[in-house]
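Student: Take a look at the following structure, please.
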Amino acid sequence: MIVGERGPGPKAVPTYPELTCHKRTDLRILNTRERQRYAVSEEDIRIYKGGDHSLLKGKTLEREVIPYWSGRSMRDRVFSQVPEEWRAAYETGLFTEFMEQRAPGHTALDGTIYSMGMIDFKARIAERMARLDYMNDPLASDRAEQLKAMDIACDAAIVFARRHADLAWEKAKTEQDPTRKAELLRIAEVCRRVPAHAPRDFWEALQMYWFVHLGTIMELNGWDAMNPGHLDQHLEPFFLKELESGTLSQTEARELMACLFIKINNHPAPPKVGVTARESGTYNDFTNINIGGVRPDGTDAVNPVSYIMLETLGELHLLQPGASAHIASCTPDRFVLESCRVIRKGYGYPSLFNPDVYIKELTRQGKSIRDAREGGCSGCIEVGAFGKEAYLLTGYLNVAKILEITLNNGIDPLTGKKICPETGDPVQFDSFETFYEAFIKQLNHVIDTKIRVNHHIERLTVRMTPAPFLSVLMDDCIEKGKDYYDGGPRYNTSYIQCTGLGTVTDSLSAIKKHIYEDRKWSMKELLQVLSQNFKDHEPMRQFLLNRTPFFGNDDDYADSLAVRLYEDMFRAIDGKPNSRGGVFHMDLLSTTCHVYFGSVTGALPNGRIAGRSLSDGTSPSHGADTNGPTAVIRSLSRLDQEKSGGTLLNQRFSPSMMKTDRDLEKLASLIRCYFESGGHHIQFNVVDTQTLRKAQKEPELYRDLMVRVAGYSDYFNHLAPALQEDIICRTMNREI
């Protein structure tokens with residue numbers, strides 16, 4: 001009953017050669033690989049290959065996707081223009097760059113589309129066009145072109161919807177089932193109304209969002225998130241009005257909501273290549289629906305639609321949409337418990353966010369209090385002002401690799417290449433402070449290298465891949481006559497996602513305690529053992545693993561180092577200008593990049609052997625948290641999380657802990673306790689190790705087993721073996 005796909009059917013997805021042009025071999029690999037396979041037809045491959053002609057629907061089609069886009073795609077241009085220093089750091093695995101092959105993101109909407117249709121937006125565009133001042137504004141002609149593009153995009157959305165209306169009308173003429181015939185006629189009516197005009201009822205509101213969602217992900221979606229924001233708040237007025245008038249029942253509302261969720265689940269991300277394929281093991285498209293939270297006036301926003309969404313999530317057992325429950329101090333306990341009931345099912349959602357903290361984050365960044373309250377999470381954990389901000393993720397930062405480079409005086413020990421400046425031979429350092437100072441110099445150098453080139457890549461994005469339809473939907477883009485990627489929105493943030501907080505903290509703790517304080521070994525001895533990946537030195541590795549104060553155990557020694565590292569990363573990133581009139585901020589998100597980063601990072605002083613995953617988000621290192629979940633949240637609460645745009649915390653519990661209502665009350669109390677202590681985010685896997693091992697051995701028996709990976713859930717047997725092991729190695733808590 002909610003209609004529209006971005007391809008010829010469900011699960012179909014386009015490629016975006018203007019972003020990254022797949023090679024013929026890439027397409028064949030997609031067709032044959034064991035996990036996350038894409039069916040690519042030979043006809044598609046021939047069209048990509050180029051070099052011949054054939055008839056298609058009566059017209060001659062020159063088959064030249066690859067010949068045309070080779071050297072012209074965003075990815076090709078980036079790598080042909082970046083300085084060698086940046087390329088070396090990128091290839092070494094010191095950081096990734098989102099915009100080298102994808103649309104930067106994420107983005108989320110406010111409630112504007114429920115009170116304005118595309119015809120209203122066109123009127124606003126026309127009024128702004130009429131006010132262009134070609135005499136006194138040197139950019140007036142640029143603004144005119146942008147506004148024309150936005151106007152055309154509005155027309156495209158209307159035409160797209162009317163095609164669906166026409167098709168539904170034609171199908172209704174021959175439909176024999178009276179119930180389905182009525183549905184088809186209603187679909188035709190809805191699609192003639194939205195998105196041209198503002199929706200009038202619950203069904204039209206859901207279809208309005210879906211057409212807008214499709215418009216943005218068809219326009220430019222190199223696997224990044226488009227989110228409806230606070231959908232329960234947006235739908236509440238429609239629901240209550242129809243419930244009172246008797247034109248909509250709870251059951252009908254749930255059915256329509258389920259139809260929307262199924263549509264979202266039918267849209268995987270476009271296929272990836274290169275480092276992006278290595279560092280991201282998912283094809284989830286990161287649609288995150290915010291549920292609960294607060295209203296623009298600061299009061300509790302939980303409403304009947306919030307509970308309908310939770311019930312629908314628990315009932316459908318889908319990968320997408322990802323859902324997040326937003327729990328403020330004013331949020332009722334019933335909502336927290338209902339969220340925990342869905343978590344108990346083991347799907348990995350909803351994830352949980354703390355508006356009391358992220359509103360402070362956003363106001364610290366310069367948002368108005370109203371805009372901050374209307375904001376929340378898009379994609380995984382990063383927060384922004386919904387409908388008013390382009391908050392772009394620029395790529396992950398491998399902080400553990402920076403530590404490894406410091407230990408080797410600017411050289412990558414895995415390749416032997418000099419990647420960063422010399423900051424001194426650690427063997428000659430006489431104190432932990434001297435070593436730490438060298439590490440922070442390297443940290444600042446790598447961050448600044450990334451930011452300098454990111455400015456250039458941002459400008460390439462503006463010129464090559466603008467987003468006029470998305471710009472229509474974001475406040476201030478029409479008034480400024482500027483694109484979403486060109487500083488058009490009210491706020492313009494760039495995020496750098498720091499990876500490996502737990503791993504680096506534990507390594508610093510080992511160096512400080514065993515090398516400089518207790519002098520158990522010399523720095524020379526440590527470096528020698530690390531270069532050998534602990535070969536023939538297992539007793540030393542076990543000592544490091546078991547006699548080092550580790551982050552996540554409510555231990556002041558380790559936690560104080562985590563706080564220091566966190567603050568220094570913040571100082572190295574926060575407030576540095578981007579090219580869009582905004583600034584850079586820090587968040588601590590790894591998605592699945594901690595697995596890729598681990599694969600290119602050698603042995604580290606915390607006892608981690610080469611190639612193994614780094615810690616994810618702000619979570620402790622795998623197996624390092626031995627004092628239970630309350631100790632973890634006490635360690636995390638020492639970080640000033642209002643300084644970050646997001647801090648991801650994963651926890652894994654045994655299903656035996658979630659059997660009774662009393663168990664759920666304990667979980668709810670743990671969440672409340674963490675949020676009252678300043679936590680930004682927490683999420684749970686409810687699955688035991690035995691089940692995961694069985695799923696590895698007999699995957700055909702566990703096809704629907706879902707796990708929480710990062711800011712999203714995925715089927716366990718769709719994950720690469722390294723990522724499966726990463727989840728299995730997370731500490732499984734048996735009690736709260």
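Residues are referred to by chain and number: the chain letter is A, B, ... according to the order shown in the structure tokens, the number counts from 1 in that chain, and ligands are numbered separately from 1 in the order shown.
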So that I can check the surroundings of A:Leu392, please list as a PDB file with N, CA, C and O atoms, in the first residue's frame every protein, DNA and RNA residue that reaches within 10 Å of it, counting only C-alpha atoms and ignoring chain neighbours fewer than 2 positions away.
Tutor:
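Output (out_33.pdb):
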ATOM      1  N   PHE A  98      35.502   8.984   2.953  1.00  0.00           N
ATOM      2  CA  PHE A  98      34.182   8.619   2.452  1.00  0.00           C
ATOM      3  C   PHE A  98      33.947   9.108   1.023  1.00  0.00           C
ATOM      4  O   PHE A  98      33.384   8.405   0.196  1.00  0.00           O
ATOM      5  N   MET A  99      34.352  10.331   0.746  1.00  0.00           N
ATOM      6  CA  MET A  99      33.957  10.941  -0.525  1.00  0.00           C
ATOM      7  C   MET A  99      34.775  10.473  -1.714  1.00  0.00           C
ATOM      8  O   MET A  99      34.567  10.939  -2.824  1.00  0.00           O
ATOM      9  N   ALA A 103      28.458   9.196  -1.721  1.00  0.00           N
ATOM     10  CA  ALA A 103      27.886  10.469  -1.322  1.00  0.00           C
ATOM     11  C   ALA A 103      28.116  10.648   0.171  1.00  0.00           C
ATOM     12  O   ALA A 103      27.846   9.741   0.947  1.00  0.00           O
ATOM     13  N   PRO A 104      28.642  11.781   0.588  1.00  0.00           N
ATOM     14  CA  PRO A 104      28.876  11.975   2.023  1.00  0.00           C
ATOM     15  C   PRO A 104      27.553  12.117   2.760  1.00  0.00           C
ATOM     16  O   PRO A 104      26.555  12.545   2.208  1.00  0.00           O
ATOM     17  N   GLY A 105      27.528  11.791   4.009  1.00  0.00           N
ATOM     18  CA  GLY A 105      26.279  11.856   4.777  1.00  0.00           C
ATOM     19  C   GLY A 105      26.608  11.713   6.249  1.00  0.00           C
ATOM     20  O   GLY A 105      27.759  11.782   6.636  1.00  0.00           O
ATOM     21  N   HIS A 106      25.604  11.562   7.031  1.00  0.00           N
ATOM     22  CA  HIS A 106      24.239  11.189   6.680  1.00  0.00           C
ATOM     23  C   HIS A 106      23.328  12.425   6.729  1.00  0.00           C
ATOM     24  O   HIS A 106      23.776  13.504   7.074  1.00  0.00           O
ATOM     25  N   THR A 107      22.003  12.181   6.448  1.00  0.00           N
ATOM     26  CA  THR A 107      21.087  13.309   6.523  1.00  0.00           C
ATOM     27  C   THR A 107      19.752  12.846   7.079  1.00  0.00           C
ATOM     28  O   THR A 107      19.387  11.678   6.967  1.00  0.00           O
ATOM     29  N   GLU A 382      25.945   9.419  14.807  1.00  0.00           N
ATOM     30  CA  GLU A 382      26.276  10.827  14.690  1.00  0.00           C
ATOM     31  C   GLU A 382      25.007  11.672  14.768  1.00  0.00           C
ATOM     32  O   GLU A 382      23.959  11.285  14.247  1.00  0.00           O
ATOM     33  N   GLY A 384      22.839  15.519  14.585  1.00  0.00           N
ATOM     34  CA  GLY A 384      22.773  16.804  13.903  1.00  0.00           C
ATOM     35  C   GLY A 384      21.378  17.378  14.027  1.00  0.00           C
ATOM     36  O   GLY A 384      20.469  16.760  14.596  1.00  0.00           O
ATOM     37  N   GLU A 389      20.713  20.746   8.693  1.00  0.00           N
ATOM     38  CA  GLU A 389      22.160  20.568   8.777  1.00  0.00           C
ATOM     39  C   GLU A 389      22.651  19.504   7.813  1.00  0.00           C
ATOM     40  O   GLU A 389      22.039  18.444   7.670  1.00  0.00           O
ATOM     41  N   ALA A 390      23.762  19.813   7.155  1.00  0.00           N
ATOM     42  CA  ALA A 390      24.533  18.807   6.436  1.00  0.00           C
ATOM     43  C   ALA A 390      25.671  18.399   7.356  1.00  0.00           C
ATOM     44  O   ALA A 390      26.635  19.141   7.517  1.00  0.00           O
ATOM     45  N   THR A 394      33.465  12.238   7.099  1.00  0.00           N
ATOM     46  CA  THR A 394      34.567  12.343   6.138  1.00  0.00           C
ATOM     47  C   THR A 394      35.451  11.103   6.104  1.00  0.00           C
ATOM     48  O   THR A 394      36.317  10.992   5.243  1.00  0.00           O
ATOM     49  N   GLY A 395      35.243  10.174   7.044  1.00  0.00           N
ATOM     50  CA  GLY A 395      36.071   8.975   7.057  1.00  0.00           C
ATOM     51  C   GLY A 395      36.566   8.654   8.447  1.00  0.00           C
ATOM     52  O   GLY A 395      36.505   9.468   9.364  1.00  0.00           O
ATOM     53  N   GLU A 458      35.844  18.147  -0.778  1.00  0.00           N
ATOM     54  CA  GLU A 458      34.540  18.792  -0.609  1.00  0.00           C
ATOM     55  C   GLU A 458      34.203  19.687  -1.806  1.00  0.00           C
ATOM     56  O   GLU A 458      33.063  19.718  -2.271  1.00  0.00           O
ATOM     57  N   TYR A 485      25.526  20.417  -0.474  1.00  0.00           N
ATOM     58  CA  TYR A 485      26.954  20.148  -0.277  1.00  0.00           C
ATOM     59  C   TYR A 485      27.817  21.402  -0.369  1.00  0.00           C
ATOM     60  O   TYR A 485      29.039  21.317  -0.254  1.00  0.00           O
ATOM     61  N   ASN A 492      26.589  23.390   8.930  1.00  0.00           N
ATOM     62  CA  ASN A 492      27.422  22.593   8.019  1.00  0.00           C
ATOM     63  C   ASN A 492      28.611  22.015   8.782  1.00  0.00           C
ATOM     64  O   ASN A 492      29.606  22.703   9.026  1.00  0.00           O
ATOM     65  N   THR A 493      28.471  20.762   9.151  1.00  0.00           N
ATOM     66  CA  THR A 493      29.448  20.089  10.003  1.00  0.00           C
ATOM     67  C   THR A 493      30.181  19.014   9.216  1.00  0.00           C
ATOM     68  O   THR A 493      29.600  18.355   8.357  1.00  0.00           O
ATOM     69  N   SER A 494      31.459  18.837   9.532  1.00  0.00           N
ATOM     70  CA  SER A 494      32.231  17.699   9.031  1.00  0.00           C
ATOM     71  C   SER A 494      32.699  16.888  10.233  1.00  0.00           C
ATOM     72  O   SER A 494      33.264  17.446  11.179  1.00  0.00           O
ATOM     73  N   TYR A 495      32.452  15.589  10.196  1.00  0.00           N
ATOM     74  CA  TYR A 495      32.867  14.710  11.298  1.00  0.00           C
ATOM     75  C   TYR A 495      34.046  13.845  10.877  1.00  0.00           C
ATOM     76  O   TYR A 495      34.103  13.337   9.749  1.00  0.00           O
ATOM     77  N   ILE A 496      34.999  13.661  11.795  1.00  0.00           N
ATOM     78  CA  ILE A 496      36.045  12.653  11.670  1.00  0.00           C
ATOM     79  C   ILE A 496      35.770  11.601  12.736  1.00  0.00           C
ATOM     80  O   ILE A 496      35.630  11.928  13.918  1.00  0.00           O
ATOM     81  N   PHE A 584      34.933  21.211  11.655  1.00  0.00           N
ATOM     82  CA  PHE A 584      35.068  19.795  11.952  1.00  0.00           C
ATOM     83  C   PHE A 584      34.757  19.531  13.422  1.00  0.00           C
ATOM     84  O   PHE A 584      35.051  20.344  14.285  1.00  0.00           O
TER      85      PHE A 584
END
Student: Considering only C-alpha atoms, return as a ChimeraX atom specification whatever protein or nucleic-acid residues lie within 10 Å of A:Ala438, sequence-local ones (same chain, fewer than 2 positions apart) excluded.
Tutor: /A:403,406-407,409,422-426,429,432-436,440-443
Student: Residues within 10 Å of A:Lys345, please, as a list in words. Count only C-alpha atoms; anything in the same chain fewer than 6 positions from it doesn't count.
Tutor: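 Neighbouring residues, sequence-local ones excluded: Gly314, Glu315, His317, Pro655, Met658, Asn685, Val686, Val687 and Met706 of chain A.
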Student: When distances are computed from only C-alpha atoms, which of A:Gly552, A:Gly292, A:Gly348, A:Pro8 shows the smallest separation from A:Gln683?
Tutor: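 For A:Gln683, the nearest of the given residues is A:Gly348.
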Student: Write out as a ChimeraX atom specification the residues lying within 7 Å of A:Ser635, counting only C-alpha atoms and excluding same-chain residues fewer than 6 positions away.
Tutor: /A:551-554,559
Student: Could you state the separation of atom CA of A:Glu42 and atom CA of A:Asp714 in Å, given to one decimal place?
Tutor: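 Answer for the atom CA of A:Glu42 to atom CA of A:Asp714 separation: 28.8 Å.
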Student: For A:Glu361, work out the shell of residues within 12 Å, counting only C-alpha atoms and skipping chain neighbours fewer than 5 positions away, then give it as a VMD selection string.
Tutor: chain A and resid 354 to 356 366 to 369 371 to 373 375 to 377 382 to 385 585 to 587 640 to 647 678 to 680
Student: Could you check the closest approach to A:Phe238 for each of A:Phe202, A:Tyr347, A:Tyr283, A:Trp169 and tell me which residue wins, using only C-alpha atoms?
Tutor: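 Smallest separation from A:Phe238 among the options: A:Phe202.
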Student: Pick out the residues sitting within 10 Å of A:Glu189, and hand them over as a VMD selection string; count only C-alpha atoms, and ignore anything fewer than 3 positions along from it in its own chain.
Tutor: chain A and resid 162 165 to 166 168 to 169 183 to 186 192 to 194 204
Student: Dump N, CA, C and O atoms for the selected residues as a PDB file, in the first residue's frame?
Tutor:
ATOM      1  N   ARG A 162       2.938  10.612 -10.063  1.00  0.00           N
ATOM      2  CA  ARG A 162       1.773  10.511 -10.945  1.00  0.00           C
ATOM      3  C   ARG A 162       1.844   9.277 -11.840  1.00  0.00           C
ATOM      4  O   ARG A 162       0.811   8.713 -12.220  1.00  0.00           O
ATOM      5  N   ALA A 165       0.320   6.743  -9.786  1.00  0.00           N
ATOM      6  CA  ALA A 165      -1.132   6.938  -9.746  1.00  0.00           C
ATOM      7  C   ALA A 165      -1.782   6.369 -11.005  1.00  0.00           C
ATOM      8  O   ALA A 165      -2.807   5.665 -10.941  1.00  0.00           O
ATOM      9  N   ASP A 166      -1.174   6.652 -12.145  1.00  0.00           N
ATOM     10  CA  ASP A 166      -1.727   6.157 -13.413  1.00  0.00           C
ATOM     11  C   ASP A 166      -1.714   4.629 -13.457  1.00  0.00           C
ATOM     12  O   ASP A 166      -2.687   3.995 -13.909  1.00  0.00           O
ATOM     13  N   ALA A 168      -1.700   2.502 -10.882  1.00  0.00           N
ATOM     14  CA  ALA A 168      -2.686   1.966  -9.941  1.00  0.00           C
ATOM     15  C   ALA A 168      -4.101   2.079 -10.514  1.00  0.00           C
ATOM     16  O   ALA A 168      -4.931   1.167 -10.368  1.00  0.00           O
ATOM     17  N   TRP A 169      -4.387   3.190 -11.177  1.00  0.00           N
ATOM     18  CA  TRP A 169      -5.702   3.400 -11.787  1.00  0.00           C
ATOM     19  C   TRP A 169      -5.960   2.361 -12.876  1.00  0.00           C
ATOM     20  O   TRP A 169      -7.047   1.783 -12.958  1.00  0.00           O
ATOM     21  N   GLU A 183      -8.141  -0.711  -2.697  1.00  0.00           N
ATOM     22  CA  GLU A 183      -6.782  -0.293  -2.336  1.00  0.00           C
ATOM     23  C   GLU A 183      -6.092   0.401  -3.505  1.00  0.00           C
ATOM     24  O   GLU A 183      -5.430   1.430  -3.336  1.00  0.00           O
ATOM     25  N   LEU A 184      -6.239  -0.157  -4.683  1.00  0.00           N
ATOM     26  CA  LEU A 184      -5.603   0.436  -5.865  1.00  0.00           C
ATOM     27  C   LEU A 184      -6.156   1.826  -6.163  1.00  0.00           C
ATOM     28  O   LEU A 184      -5.405   2.745  -6.510  1.00  0.00           O
ATOM     29  N   LEU A 185      -7.432   1.984  -6.024  1.00  0.00           N
ATOM     30  CA  LEU A 185      -8.024   3.309  -6.231  1.00  0.00           C
ATOM     31  C   LEU A 185      -7.540   4.294  -5.179  1.00  0.00           C
ATOM     32  O   LEU A 185      -7.303   5.470  -5.480  1.00  0.00           O
ATOM     33  N   ARG A 186      -7.387   3.785  -3.956  1.00  0.00           N
ATOM     34  CA  ARG A 186      -6.860   4.661  -2.889  1.00  0.00           C
ATOM     35  C   ARG A 186      -5.402   5.021  -3.154  1.00  0.00           C
ATOM     36  O   ARG A 186      -4.992   6.166  -2.947  1.00  0.00           O
ATOM     37  N   ARG A 192      -1.736  10.962  -6.485  1.00  0.00           N
ATOM     38  CA  ARG A 192      -2.058  12.236  -7.155  1.00  0.00           C
ATOM     39  C   ARG A 192      -1.968  13.397  -6.171  1.00  0.00           C
ATOM     40  O   ARG A 192      -1.762  14.540  -6.576  1.00  0.00           O
ATOM     41  N   ARG A 193      -2.080  13.083  -4.888  1.00  0.00           N
ATOM     42  CA  ARG A 193      -2.009  14.131  -3.853  1.00  0.00           C
ATOM     43  C   ARG A 193      -0.568  14.441  -3.454  1.00  0.00           C
ATOM     44  O   ARG A 193      -0.152  15.602  -3.429  1.00  0.00           O
ATOM     45  N   VAL A 194       0.190  13.391  -3.119  1.00  0.00           N
ATOM     46  CA  VAL A 194       1.567  13.596  -2.646  1.00  0.00           C
ATOM     47  C   VAL A 194       2.535  13.005  -3.666  1.00  0.00           C
ATOM     48  O   VAL A 194       2.227  12.017  -4.322  1.00  0.00           O
ATOM     49  N   GLU A 204      -1.329   9.205   3.484  1.00  0.00           N
ATOM     50  CA  GLU A 204      -0.646  10.161   2.615  1.00  0.00           C
ATOM     51  C   GLU A 204       0.669  10.633   3.217  1.00  0.00           C
ATOM     52  O   GLU A 204       1.650  10.854   2.490  1.00  0.00           O
TER      53      GLU A 204
END
Student: What's the separation between atom CA of A:Arg693 and atom CA of A:Pro721, in Å to one decimal place?
Tutor: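 Between atom CA of A:Arg693 and atom CA of A:Pro721 the gap is 11.4 Å.
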Student: I'd like the contact shell of stretch 139-143 of chain A - 12 Å cut-off, only C-alpha atoms, skipping same-chain residues fewer than 2 positions apart - returned as an mmCIF file with N, CA, C and O atoms, in the first residue's frame.
Tutor:
data_model
loop_
_atom_site.group_PDB
_atom_site.id
_atom_site.type_symbol
_atom_site.label_atom_id
_atom_site.label_comp_id
_atom_site.auth_asym_id
_atom_site.auth_seq_id
_atom_site.Cartn_x
_atom_site.Cartn_y
_atom_site.Cartn_z
ATOM 1 N N ILE A 125 10.745 28.628 -4.310
ATOM 2 C CA ILE A 125 11.895 28.777 -5.222
ATOM 3 C C ILE A 125 11.664 29.942 -6.182
ATOM 4 O O ILE A 125 12.564 30.766 -6.426
ATOM 5 N N ARG A 128 12.172 33.217 -4.511
ATOM 6 C CA ARG A 128 13.604 33.520 -4.299
ATOM 7 C C ARG A 128 14.262 33.904 -5.617
ATOM 8 O O ARG A 128 15.119 34.799 -5.651
ATOM 9 N N MET A 129 13.878 33.257 -6.709
ATOM 10 C CA MET A 129 14.411 33.614 -8.029
ATOM 11 C C MET A 129 14.088 35.073 -8.356
ATOM 12 O O MET A 129 14.929 35.802 -8.904
ATOM 13 N N ALA A 130 12.901 35.492 -8.014
ATOM 14 C CA ALA A 130 12.480 36.861 -8.316
ATOM 15 C C ALA A 130 13.290 37.895 -7.543
ATOM 16 O O ALA A 130 13.389 39.057 -7.965
ATOM 17 N N ARG A 131 13.882 37.497 -6.427
ATOM 18 C CA ARG A 131 14.647 38.439 -5.610
ATOM 19 C C ARG A 131 16.142 38.433 -5.912
ATOM 20 O O ARG A 131 16.917 39.118 -5.232
ATOM 21 N N LEU A 132 16.576 37.647 -6.876
ATOM 22 C CA LEU A 132 18.002 37.620 -7.206
ATOM 23 C C LEU A 132 18.456 39.002 -7.671
ATOM 24 O O LEU A 132 17.789 39.664 -8.471
ATOM 25 N N ASP A 133 19.600 39.413 -7.176
ATOM 26 C CA ASP A 133 20.127 40.752 -7.468
ATOM 27 C C ASP A 133 21.392 40.600 -8.315
ATOM 28 O O ASP A 133 22.495 40.446 -7.795
ATOM 29 N N TYR A 134 21.220 40.651 -9.634
ATOM 30 C CA TYR A 134 22.351 40.438 -10.534
ATOM 31 C C TYR A 134 23.325 41.616 -10.539
ATOM 32 O O TYR A 134 24.466 41.469 -10.988
ATOM 33 N N MET A 135 22.908 42.762 -10.016
ATOM 34 C CA MET A 135 23.784 43.921 -9.973
ATOM 35 C C MET A 135 24.746 43.838 -8.786
ATOM 36 O O MET A 135 25.947 44.051 -8.933
ATOM 37 N N ASN A 136 24.230 43.497 -7.622
ATOM 38 C CA ASN A 136 25.032 43.597 -6.396
ATOM 39 C C ASN A 136 25.479 42.254 -5.835
ATOM 40 O O ASN A 136 26.258 42.229 -4.884
ATOM 41 N N ASP A 137 24.987 41.165 -6.383
ATOM 42 C CA ASP A 137 25.373 39.844 -5.886
ATOM 43 C C ASP A 137 26.162 39.123 -6.972
ATOM 44 O O ASP A 137 25.588 38.646 -7.959
ATOM 45 N N GLU A 145 21.136 29.112 -11.251
ATOM 46 C CA GLU A 145 21.275 27.753 -11.765
ATOM 47 C C GLU A 145 20.878 26.719 -10.707
ATOM 48 O O GLU A 145 20.216 25.718 -11.005
ATOM 49 N N GLN A 146 21.298 26.964 -9.466
ATOM 50 C CA GLN A 146 20.945 26.046 -8.381
ATOM 51 C C GLN A 146 19.430 26.007 -8.184
ATOM 52 O O GLN A 146 18.828 24.934 -8.058
ATOM 53 N N LEU A 147 18.804 27.155 -8.167
ATOM 54 C CA LEU A 147 17.359 27.223 -7.958
ATOM 55 C C LEU A 147 16.596 26.573 -9.110
ATOM 56 O O LEU A 147 15.579 25.898 -8.902
ATOM 57 N N LYS A 148 17.076 26.751 -10.355
ATOM 58 C CA LYS A 148 16.441 26.081 -11.495
ATOM 59 C C LYS A 148 16.519 24.562 -11.329
ATOM 60 O O LYS A 148 15.554 23.839 -11.601
ATOM 61 N N ALA A 149 17.682 24.080 -10.902
ATOM 62 C CA ALA A 149 17.851 22.639 -10.704
ATOM 63 C C ALA A 149 16.901 22.125 -9.626
ATOM 64 O O ALA A 149 16.306 21.041 -9.765
ATOM 65 N N MET A 150 16.744 22.890 -8.554
ATOM 66 C CA MET A 150 15.842 22.494 -7.479
ATOM 67 C C MET A 150 14.396 22.459 -7.969
ATOM 68 O O MET A 150 13.617 21.558 -7.615
ATOM 69 N N ARG A 463 31.209 20.564 -7.179
ATOM 70 C CA ARG A 463 31.218 20.749 -8.628
ATOM 71 C C ARG A 463 30.666 19.537 -9.376
ATOM 72 O O ARG A 463 29.990 19.683 -10.388
ATOM 73 N N PRO A 468 20.421 18.676 -5.855
ATOM 74 C CA PRO A 468 19.377 19.704 -5.842
ATOM 75 C C PRO A 468 18.081 19.268 -5.171
ATOM 76 O O PRO A 468 17.417 20.086 -4.533
ATOM 77 N N CYS A 477 18.630 26.313 2.194
ATOM 78 C CA CYS A 477 19.235 26.100 0.871
ATOM 79 C C CYS A 477 18.533 26.953 -0.186
ATOM 80 O O CYS A 477 19.194 27.548 -1.050
ATOM 81 N N ILE A 478 17.197 27.033 -0.153
ATOM 82 C CA ILE A 478 16.479 27.845 -1.131
ATOM 83 C C ILE A 478 16.798 29.316 -0.929
ATOM 84 O O ILE A 478 17.096 30.042 -1.896
ATOM 85 N N GLU A 479 16.765 29.760 0.307
ATOM 86 C CA GLU A 479 17.026 31.176 0.576
ATOM 87 C C GLU A 479 18.446 31.562 0.165
ATOM 88 O O GLU A 479 18.671 32.625 -0.414
ATOM 89 N N LYS A 480 19.410 30.698 0.436
ATOM 90 C CA LYS A 480 20.796 30.985 0.050
ATOM 91 C C LYS A 480 21.034 30.743 -1.444
ATOM 92 O O LYS A 480 22.022 31.245 -1.990
ATOM 93 N N GLY A 481 20.170 29.958 -2.083
ATOM 94 C CA GLY A 481 20.429 29.567 -3.466
ATOM 95 C C GLY A 481 21.695 28.747 -3.574
ATOM 96 O O GLY A 481 22.448 28.857 -4.549
ATOM 97 N N LYS A 482 21.902 27.870 -2.595
ATOM 98 C CA LYS A 482 23.129 27.070 -2.558
ATOM 99 C C LYS A 482 22.777 25.610 -2.308
ATOM 100 O O LYS A 482 21.782 25.284 -1.658
ATOM 101 N N ASP A 483 23.626 24.736 -2.805
ATOM 102 C CA ASP A 483 23.405 23.309 -2.719
ATOM 103 C C ASP A 483 23.665 22.790 -1.309
ATOM 104 O O ASP A 483 24.411 23.385 -0.519
ATOM 105 N N ASP A 486 27.193 22.556 -0.564
ATOM 106 C CA ASP A 486 27.939 23.797 -0.787
ATOM 107 C C ASP A 486 27.642 24.850 0.273
ATOM 108 O O ASP A 486 27.711 26.039 0.010
ATOM 109 N N GLY A 488 24.692 25.241 1.780
ATOM 110 C CA GLY A 488 23.323 25.715 1.718
ATOM 111 C C GLY A 488 22.544 25.588 3.015
ATOM 112 O O GLY A 488 21.805 26.499 3.392
#
Student: Enumerate as number ranges by chain all residues of stretch 166-221 of chain A assigned to alpha helix (DSSP H) by DSSP on the backbone, naming them with the chain letters and numbers the document uses.
Tutor: A: 166-174, 178-193, 202-219
Student: Please give the complete set of residues from stretch 203-391 of chain A that DSSP, run on the backbone, assigns to strand (DSSP E or B), formatted as an NGL selection string.
Tutor: :A and (226-227 or 229 or 288-292 or 294 or 300 or 322-326 or 351-353 or 376-377 or 383-384 or 389-391)
Student: Mind pulling up the distance from atom CA of A:Asp201 to atom CA of A:Glu242?
Tutor: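 Interatomic distance, atom CA of A:Glu242 to atom CA of A:Asp201: 7.2 Å.
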Student: When you count only C-alpha atoms, which of these residues is closest to A:Leu414: A:Leu248, A:His234, A:Leu670, A:Thr601?
Tutor: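 Among A:Leu248, A:His234, A:Leu670, A:Thr601, it is A:Thr601 that comes nearest to A:Leu414.
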Student: A:Lys697, A:Arg608, A:Arg452, A:Arg564: which is nearest A:Leu530, counting only C-alpha atoms?
Tutor: A:Arg608
